[in-house]
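With compact mmCIF, C-alpha atoms inside, this is my_file07.txt:
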# COMPACT_ATOMS: atom_id res chain seq x y z
CA LYS A 24 73.67 123.11 87.06
CA ILE A 25 75.54 119.86 86.43
CA ILE A 26 78.00 121.47 84.00
CA LEU A 27 78.42 124.68 85.98
CA GLY A 28 78.30 122.99 89.38
CA GLU A 29 79.48 124.72 92.47
CA ASN A 30 83.19 124.88 93.00
CA LYS A 31 82.99 123.98 96.68
CA LEU A 32 86.32 124.11 98.49
CA GLY A 33 88.19 124.77 95.23
CA TYR A 34 87.55 121.36 93.64
CA GLY A 35 86.69 121.29 89.96
CA ALA A 36 83.07 121.51 88.87
CA ILE A 37 83.49 118.18 87.07
CA TYR A 38 83.81 116.51 90.46
CA TRP A 39 80.64 118.18 91.77
CA GLY A 40 78.90 117.41 88.48
CA LYS A 41 79.58 113.74 89.08
CA VAL A 42 77.97 114.07 92.51
CA SER A 43 74.97 115.87 90.97
CA ILE A 44 74.47 113.13 88.39
CA PHE A 45 74.35 110.48 91.10
CA LYS A 46 71.84 112.58 93.05
CA LEU A 47 69.49 112.43 90.05
CA PHE A 48 69.23 108.66 90.38
CA GLY A 49 68.15 108.31 93.95
CA ASP A 50 68.15 109.34 97.52
CA TYR A 51 71.06 110.24 99.75
CA ASN A 52 72.10 106.63 100.48
CA THR A 53 71.96 105.55 96.83
CA THR A 54 74.05 108.56 95.81
CA PHE A 55 76.81 107.78 98.26
CA LYS A 56 76.80 104.07 97.47
CA GLY A 57 77.32 104.93 93.80
CA LEU A 58 80.07 107.43 94.60
CA ARG A 59 81.77 104.91 96.89
CA PHE A 60 81.62 102.30 94.14
CA LEU A 61 83.25 104.74 91.69
CA SER A 62 85.97 105.57 94.22
CA PHE A 63 86.56 101.87 94.74
CA LEU A 64 86.98 101.45 90.96
CA TYR A 65 89.50 104.30 90.91
CA LEU A 66 91.35 102.70 93.81
CA LEU A 67 91.50 99.34 92.02
CA SER A 68 92.50 100.84 88.69
CA ILE A 69 95.54 102.71 90.04
CA PRO A 70 97.72 99.56 90.41
CA ILE A 71 96.51 98.46 86.98
CA LEU A 72 97.64 101.81 85.57
CA PHE A 73 101.03 101.40 87.23
CA TYR A 74 101.29 98.01 85.53
CA GLN A 75 100.35 99.49 82.14
CA ILE A 76 102.81 102.38 82.56
CA GLY A 77 105.56 99.90 83.46
CA LYS A 78 104.75 97.83 80.38
CA SER A 79 104.95 100.94 78.21
CA LEU A 80 108.27 101.91 79.77
CA LYS A 81 109.46 98.29 79.43
CA THR A 82 110.65 98.11 83.02
CA LYS A 83 109.45 95.37 85.34
CA GLN A 84 111.11 97.06 88.30
CA PHE A 85 108.88 100.09 87.85
CA ILE A 86 105.80 97.88 88.00
CA PHE A 87 106.82 96.17 91.21
CA HIS A 88 108.17 99.26 92.96
CA SER A 89 105.31 101.57 92.04
CA ILE A 90 102.63 99.09 93.08
CA MET A 91 104.41 98.37 96.36
CA LEU A 92 104.87 102.09 97.00
CA TRP A 93 101.19 102.71 96.26
CA ILE A 94 100.05 99.90 98.55
CA SER A 95 102.29 101.15 101.36
CA PHE A 96 101.18 104.77 100.90
CA PRO A 97 98.65 105.59 103.67
CA SER A 98 96.61 107.85 101.40
CA SER A 99 95.93 104.96 99.05
CA TRP A 100 93.89 103.42 101.83
CA PHE A 101 92.23 106.46 103.33
CA PHE A 102 92.05 110.14 102.43
CA GLY A 103 89.71 110.96 105.29
CA LYS A 104 86.72 110.67 102.98
CA ILE A 105 86.17 107.77 100.63
CA ILE A 106 84.24 109.76 98.04
CA GLY A 107 86.52 112.78 97.97
CA PRO A 108 88.14 114.14 94.82
CA GLU A 109 91.61 112.78 95.56
CA LEU A 110 91.24 109.30 94.07
CA PHE A 111 89.41 110.74 91.07
CA SER A 112 92.21 113.21 90.35
CA ILE A 113 94.97 110.64 90.91
CA PHE A 114 93.20 108.24 88.55
CA LEU A 115 92.91 110.96 85.88
CA GLY A 116 96.55 111.95 86.34
CA LEU A 117 97.92 108.43 86.05
CA TYR A 118 95.67 107.56 83.13
CA GLY A 119 96.73 110.79 81.44
CA PHE A 120 100.40 109.99 82.07
CA TYR A 121 99.88 106.55 80.54
CA LEU A 122 98.38 108.17 77.45
CA THR A 123 101.29 110.63 77.16
CA LEU A 124 103.61 107.67 76.68
CA HIS A 125 101.90 106.92 73.36
CA LYS A 126 102.45 109.32 70.49
CA ARG A 127 98.91 109.01 69.17
CA TRP A 128 97.26 109.87 72.52
CA ARG A 129 99.85 112.22 74.02
CA TYR A 130 97.86 115.45 73.93
CA ILE A 131 94.66 113.77 75.11
CA GLY A 132 96.74 112.53 78.04
CA PHE A 133 97.79 116.09 78.86
CA ILE A 134 94.13 117.16 78.69
CA LEU A 135 93.19 114.38 81.15
CA ILE A 136 96.00 115.41 83.47
CA GLY A 137 94.68 118.99 83.20
CA ILE A 138 91.20 117.79 84.19
CA GLY A 139 92.75 116.03 87.18
CA ALA A 140 94.60 119.23 88.09
CA GLY A 141 91.33 121.14 87.75
CA VAL A 142 89.84 118.82 90.37
CA LYS A 143 92.86 118.93 92.73
CA LEU A 144 95.55 121.46 91.87
CA ASN A 145 98.33 119.41 93.46
CA LEU A 146 98.12 117.09 90.45
CA MET A 147 100.11 119.68 88.47
CA THR A 148 103.21 117.79 89.61
CA ILE A 149 102.17 114.84 87.42
CA SER A 150 101.61 117.24 84.54
CA LEU A 151 105.08 118.76 84.86
CA PHE A 152 106.68 115.34 85.33
CA SER A 153 104.93 113.99 82.22
CA PHE A 154 106.11 116.89 80.13
CA GLN A 155 109.68 116.67 81.41
CA TYR A 156 109.71 112.92 80.80
CA TYR A 157 108.49 113.51 77.25
CA LEU A 158 111.20 116.12 76.59
CA LEU A 159 113.95 113.93 78.06
CA SER A 160 112.85 110.92 76.02
CA LYS A 161 113.06 113.02 72.84
CA LYS A 162 116.25 114.94 73.64
CA ARG A 163 118.21 113.54 70.71
CA LYS A 164 115.49 114.29 68.16
CA LEU A 165 114.33 117.61 69.60
CA ARG A 166 115.73 120.90 68.38
CA TYR A 167 115.60 124.08 70.45
CA LYS A 168 113.24 125.79 68.01
CA ASN A 169 110.77 122.90 68.46
CA ILE A 170 110.92 122.97 72.26
CA PHE A 171 109.01 126.26 72.39
CA LEU A 172 106.23 124.78 70.22
CA LYS A 173 106.07 121.69 72.45
CA VAL A 174 105.85 123.88 75.57
CA LEU A 175 102.96 125.84 74.03
CA LYS A 176 101.10 122.63 73.11
CA PHE A 177 101.65 121.25 76.61
CA ILE A 178 100.36 124.44 78.27
CA PHE A 179 97.41 124.65 75.87
CA CYS A 180 96.32 121.02 76.43
CA THR A 181 96.72 121.24 80.20
CA ALA A 182 94.78 124.53 80.26
CA ILE A 183 91.97 122.95 78.21
CA GLY A 184 91.74 120.19 80.80
CA ILE A 185 91.63 122.65 83.69
CA PHE A 186 88.92 124.67 81.93
CA LEU A 187 86.91 121.49 81.24
CA ALA A 188 87.13 120.59 84.92
CA THR A 189 86.06 124.07 86.05
CA PRO A 190 84.33 126.02 83.27
CA LYS A 191 83.53 128.88 85.67
CA ILE A 192 87.15 129.96 85.32
CA ILE A 193 86.18 131.37 81.91
CA LEU A 194 82.44 131.86 82.24
CA ASN A 195 82.44 133.56 85.63
CA PRO A 196 86.01 134.30 86.73
CA ILE A 197 85.05 136.69 89.53
CA GLU A 198 83.15 133.96 91.36

As structure tokens:
Amino acid sequence: KIILGENKLGYGAIYWGKVSIFKLFGDYNTTFKGLRFLSFLYLLSIPILFYQIGKSLKTKQFIFHSIMLWISFPSSWFFGKIIGPELFSIFLGLYGFYLTLHKRWRYIGFILIGIGAGVKLNLMTISLFSFQYYLLSKKRKLRYKNIFLKVLKFIFCTAIGIFLATPKIILNPIE
């Protein structure tokens, strides 16, 4: 039941699996304290990820502007529910984007972004941005015959992430 958790409201089963795991360890109050703690960690890690992304891009302006934009963004303070899937998916998307900036971890990053998109579909914008950024950074080295292969790898890795987030897409597509 944890792996094939309900897909309530269209969020990925991985989100509901996390909720189910916390329910195993205690009562209602303990579960929500644990989930709130996790959300708080996601919230704190997002500026750290902006810092790491800025270091990878070698731009100090990005670090300052992205952290200030995040702090001034109302949703960074309240999504209407502190333990909702939004912070989890944003964390996965930004961490995935950070990994895509490193050649060794690029495809794992796209898988993480896919998991984030499987939790909240609006995260596909980060996925498309990451792929476009990758293509633009390689435009001098990339040949047109290789672009098609890169597109297939990108789609495959993102799809793996979405399927990992919601395995019912394959196992029970009608539901």

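With atom CA of A:Ile149 on one side and atom CA of A:Pro196 on the other, the separation reads 25.3 Å.
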
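Remark: for A:Ile178, the closest of the candidate residues A:Thr54, A:Ser68, A:Gln84, A:Ser150 is A:Ser150 (distances computed over only C-alpha atoms).
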
Report as a PyMOL selection string all protein, DNA and RNA residues lying within 9 Å of stretch 137-139 of chain A, evaluated on only C-alpha atoms, omitting residues in the same chain fewer than 5 positions from it. chain A and resi 35+37+111-116+119+132+144+146-147+150+180-189

Between atom CA of A:Val174 and atom CA of A:Ala36, distance in Å (one decimal): 26.5 Å

How close does each residue of stretch 80-197 of chain A get to stretch 55-59 of chain A, giving the shortest atom pair and distance in Å to one decimal for every residue with an atom at most 12 Å away, counting only C-alpha atoms, sorted by chain and residue number, as a Markdown table?
| residue | atom | partner | partner_atom | distance |
| --- | --- | --- | --- | --- |
| A:Lys104 | CA | A:Arg59 | CA | 9.7 |
| A:Ile105 | CA | A:Arg59 | CA | 6.4 |
| A:Ile106 | CA | A:Arg59 | CA | 5.6 |
| A:Gly107 | CA | A:Leu58 | CA | 9.0 |
| A:Pro108 | CA | A:Leu58 | CA | 10.5 |
| A:Leu110 | CA | A:Arg59 | CA | 10.8 |
| A:Phe111 | CA | A:Leu58 | CA | 10.5 |

Would you export the selected residues with C-alpha atoms as a compact mmCIF listing (two decimals), in the frame of the given file, please?
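The result, stored in result29.txt:
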# COMPACT_ATOMS: atom_id res chain seq x y z
CA LYS A 104 86.72 110.67 102.98
CA ILE A 105 86.17 107.77 100.63
CA ILE A 106 84.24 109.76 98.04
CA GLY A 107 86.52 112.78 97.97
CA PRO A 108 88.14 114.14 94.82
CA LEU A 110 91.24 109.30 94.07
CA PHE A 111 89.41 110.74 91.07

Polymer residues at most 9 Å from stretch 120-124 of chain A, all atoms listed in the file, same-chain spacing of 3 or more positions, as a PyMOL selection string: chain A and resi 72-73+75-76+79-80+115-117+127-133+135-136+149-150+152-154+157

I need stretch 154-183 of chain A from the structure I supplied, saved as an mmCIF file, in the first residue's frame with N, CA, C and O atoms retained.
data_model
loop_
_atom_site.group_PDB
_atom_site.id
_atom_site.type_symbol
_atom_site.label_atom_id
_atom_site.label_comp_id
_atom_site.auth_asym_id
_atom_site.auth_seq_id
_atom_site.Cartn_x
_atom_site.Cartn_y
_atom_site.Cartn_z
ATOM 1 N N PHE A 154 16.404 21.171 -19.493
ATOM 2 C CA PHE A 154 16.833 20.599 -20.766
ATOM 3 C C PHE A 154 17.255 21.690 -21.746
ATOM 4 O O PHE A 154 18.280 21.565 -22.427
ATOM 5 N N GLN A 155 16.496 22.765 -21.818
ATOM 6 C CA GLN A 155 16.870 23.867 -22.713
ATOM 7 C C GLN A 155 18.198 24.481 -22.293
ATOM 8 O O GLN A 155 19.027 24.813 -23.137
ATOM 9 N N TYR A 156 18.385 24.648 -20.998
ATOM 10 C CA TYR A 156 19.648 25.206 -20.505
ATOM 11 C C TYR A 156 20.818 24.294 -20.893
ATOM 12 O O TYR A 156 21.861 24.761 -21.343
ATOM 13 N N TYR A 157 20.610 22.999 -20.752
ATOM 14 C CA TYR A 157 21.648 22.034 -21.135
ATOM 15 C C TYR A 157 21.975 22.153 -22.623
ATOM 16 O O TYR A 157 23.144 22.214 -23.002
ATOM 17 N N LEU A 158 20.943 22.202 -23.470
ATOM 18 C CA LEU A 158 21.185 22.309 -24.912
ATOM 19 C C LEU A 158 21.900 23.613 -25.270
ATOM 20 O O LEU A 158 22.816 23.621 -26.091
ATOM 21 N N LEU A 159 21.474 24.718 -24.665
ATOM 22 C CA LEU A 159 22.104 26.006 -24.967
ATOM 23 C C LEU A 159 23.546 26.070 -24.480
ATOM 24 O O LEU A 159 24.380 26.718 -25.103
ATOM 25 N N SER A 160 23.844 25.400 -23.378
ATOM 26 C CA SER A 160 25.220 25.412 -22.882
ATOM 27 C C SER A 160 26.137 24.547 -23.740
ATOM 28 O O SER A 160 27.346 24.706 -23.714
ATOM 29 N N LYS A 161 25.564 23.641 -24.522
ATOM 30 C CA LYS A 161 26.355 22.748 -25.374
ATOM 31 C C LYS A 161 26.212 23.076 -26.850
ATOM 32 O O LYS A 161 26.593 22.283 -27.700
ATOM 33 N N LYS A 162 25.689 24.249 -27.190
ATOM 34 C CA LYS A 162 25.338 24.516 -28.591
ATOM 35 C C LYS A 162 26.529 24.486 -29.537
ATOM 36 O O LYS A 162 26.378 24.165 -30.699
ATOM 37 N N ARG A 163 27.706 24.781 -29.062
ATOM 38 C CA ARG A 163 28.870 24.742 -29.957
ATOM 39 C C ARG A 163 29.366 23.322 -30.191
ATOM 40 O O ARG A 163 29.919 23.024 -31.235
ATOM 41 N N LYS A 164 29.174 22.456 -29.216
ATOM 42 C CA LYS A 164 29.652 21.076 -29.329
ATOM 43 C C LYS A 164 28.604 20.135 -29.898
ATOM 44 O O LYS A 164 28.928 19.047 -30.343
ATOM 45 N N LEU A 165 27.346 20.531 -29.868
ATOM 46 C CA LEU A 165 26.245 19.645 -30.226
ATOM 47 C C LEU A 165 25.968 19.689 -31.724
ATOM 48 O O LEU A 165 25.884 20.744 -32.323
ATOM 49 N N ARG A 166 25.836 18.539 -32.300
ATOM 50 C CA ARG A 166 25.460 18.402 -33.703
ATOM 51 C C ARG A 166 23.978 18.023 -33.785
ATOM 52 O O ARG A 166 23.433 17.428 -32.866
ATOM 53 N N TYR A 167 23.348 18.352 -34.889
ATOM 54 C CA TYR A 167 21.918 18.104 -35.025
ATOM 55 C C TYR A 167 21.565 16.629 -34.894
ATOM 56 O O TYR A 167 20.524 16.294 -34.356
ATOM 57 N N LYS A 168 22.426 15.751 -35.355
ATOM 58 C CA LYS A 168 22.119 14.320 -35.241
ATOM 59 C C LYS A 168 22.154 13.868 -33.785
ATOM 60 O O LYS A 168 21.475 12.917 -33.412
ATOM 61 N N ASN A 169 22.905 14.560 -32.923
ATOM 62 C CA ASN A 169 22.966 14.210 -31.511
ATOM 63 C C ASN A 169 21.814 14.811 -30.706
ATOM 64 O O ASN A 169 21.511 14.318 -29.622
ATOM 65 N N ILE A 170 21.210 15.864 -31.220
ATOM 66 C CA ILE A 170 20.123 16.512 -30.480
ATOM 67 C C ILE A 170 18.962 15.540 -30.292
ATOM 68 O O ILE A 170 18.377 15.459 -29.218
ATOM 69 N N PHE A 171 18.633 14.776 -31.333
ATOM 70 C CA PHE A 171 17.534 13.824 -31.232
ATOM 71 C C PHE A 171 17.809 12.794 -30.146
ATOM 72 O O PHE A 171 16.917 12.462 -29.353
ATOM 73 N N LEU A 172 19.029 12.302 -30.059
ATOM 74 C CA LEU A 172 19.400 11.343 -29.013
ATOM 75 C C LEU A 172 19.289 11.977 -27.629
ATOM 76 O O LEU A 172 18.794 11.352 -26.693
ATOM 77 N N LYS A 173 19.710 13.214 -27.497
ATOM 78 C CA LYS A 173 19.603 13.924 -26.213
ATOM 79 C C LYS A 173 18.139 14.119 -25.822
ATOM 80 O O LYS A 173 17.786 13.975 -24.650
ATOM 81 N N VAL A 174 17.288 14.452 -26.787
ATOM 82 C CA VAL A 174 15.860 14.621 -26.511
ATOM 83 C C VAL A 174 15.265 13.305 -26.020
ATOM 84 O O VAL A 174 14.491 13.277 -25.049
ATOM 85 N N LEU A 175 15.626 12.200 -26.661
ATOM 86 C CA LEU A 175 15.111 10.892 -26.235
ATOM 87 C C LEU A 175 15.567 10.545 -24.817
ATOM 88 O O LEU A 175 14.769 10.050 -24.006
ATOM 89 N N LYS A 176 16.833 10.797 -24.505
ATOM 90 C CA LYS A 176 17.334 10.534 -23.153
ATOM 91 C C LYS A 176 16.621 11.393 -22.121
ATOM 92 O O LYS A 176 16.262 10.921 -21.044
ATOM 93 N N PHE A 177 16.408 12.662 -22.452
ATOM 94 C CA PHE A 177 15.699 13.575 -21.561
ATOM 95 C C PHE A 177 14.282 13.069 -21.297
ATOM 96 O O PHE A 177 13.834 12.985 -20.155
ATOM 97 N N ILE A 178 13.550 12.730 -22.352
ATOM 98 C CA ILE A 178 12.175 12.249 -22.207
ATOM 99 C C ILE A 178 12.152 10.946 -21.416
ATOM 100 O O ILE A 178 11.318 10.765 -20.521
ATOM 101 N N PHE A 179 13.075 10.049 -21.712
ATOM 102 C CA PHE A 179 13.131 8.761 -21.023
ATOM 103 C C PHE A 179 13.380 8.949 -19.530
ATOM 104 O O PHE A 179 12.691 8.361 -18.692
ATOM 105 N N CYS A 180 14.363 9.765 -19.167
ATOM 106 C CA CYS A 180 14.692 9.978 -17.749
ATOM 107 C C CYS A 180 13.559 10.678 -17.010
ATOM 108 O O CYS A 180 13.226 10.304 -15.881
ATOM 109 N N THR A 181 12.956 11.668 -17.633
ATOM 110 C CA THR A 181 11.836 12.364 -17.000
ATOM 111 C C THR A 181 10.651 11.414 -16.832
ATOM 112 O O THR A 181 9.999 11.412 -15.782
ATOM 113 N N ALA A 182 10.391 10.585 -17.839
ATOM 114 C CA ALA A 182 9.290 9.617 -17.749
ATOM 115 C C ALA A 182 9.554 8.592 -16.646
ATOM 116 O O ALA A 182 8.626 8.219 -15.920
ATOM 117 N N ILE A 183 10.794 8.150 -16.495
ATOM 118 C CA ILE A 183 11.127 7.227 -15.405
ATOM 119 C C ILE A 183 10.788 7.862 -14.065
ATOM 120 O O ILE A 183 10.196 7.224 -13.193
#
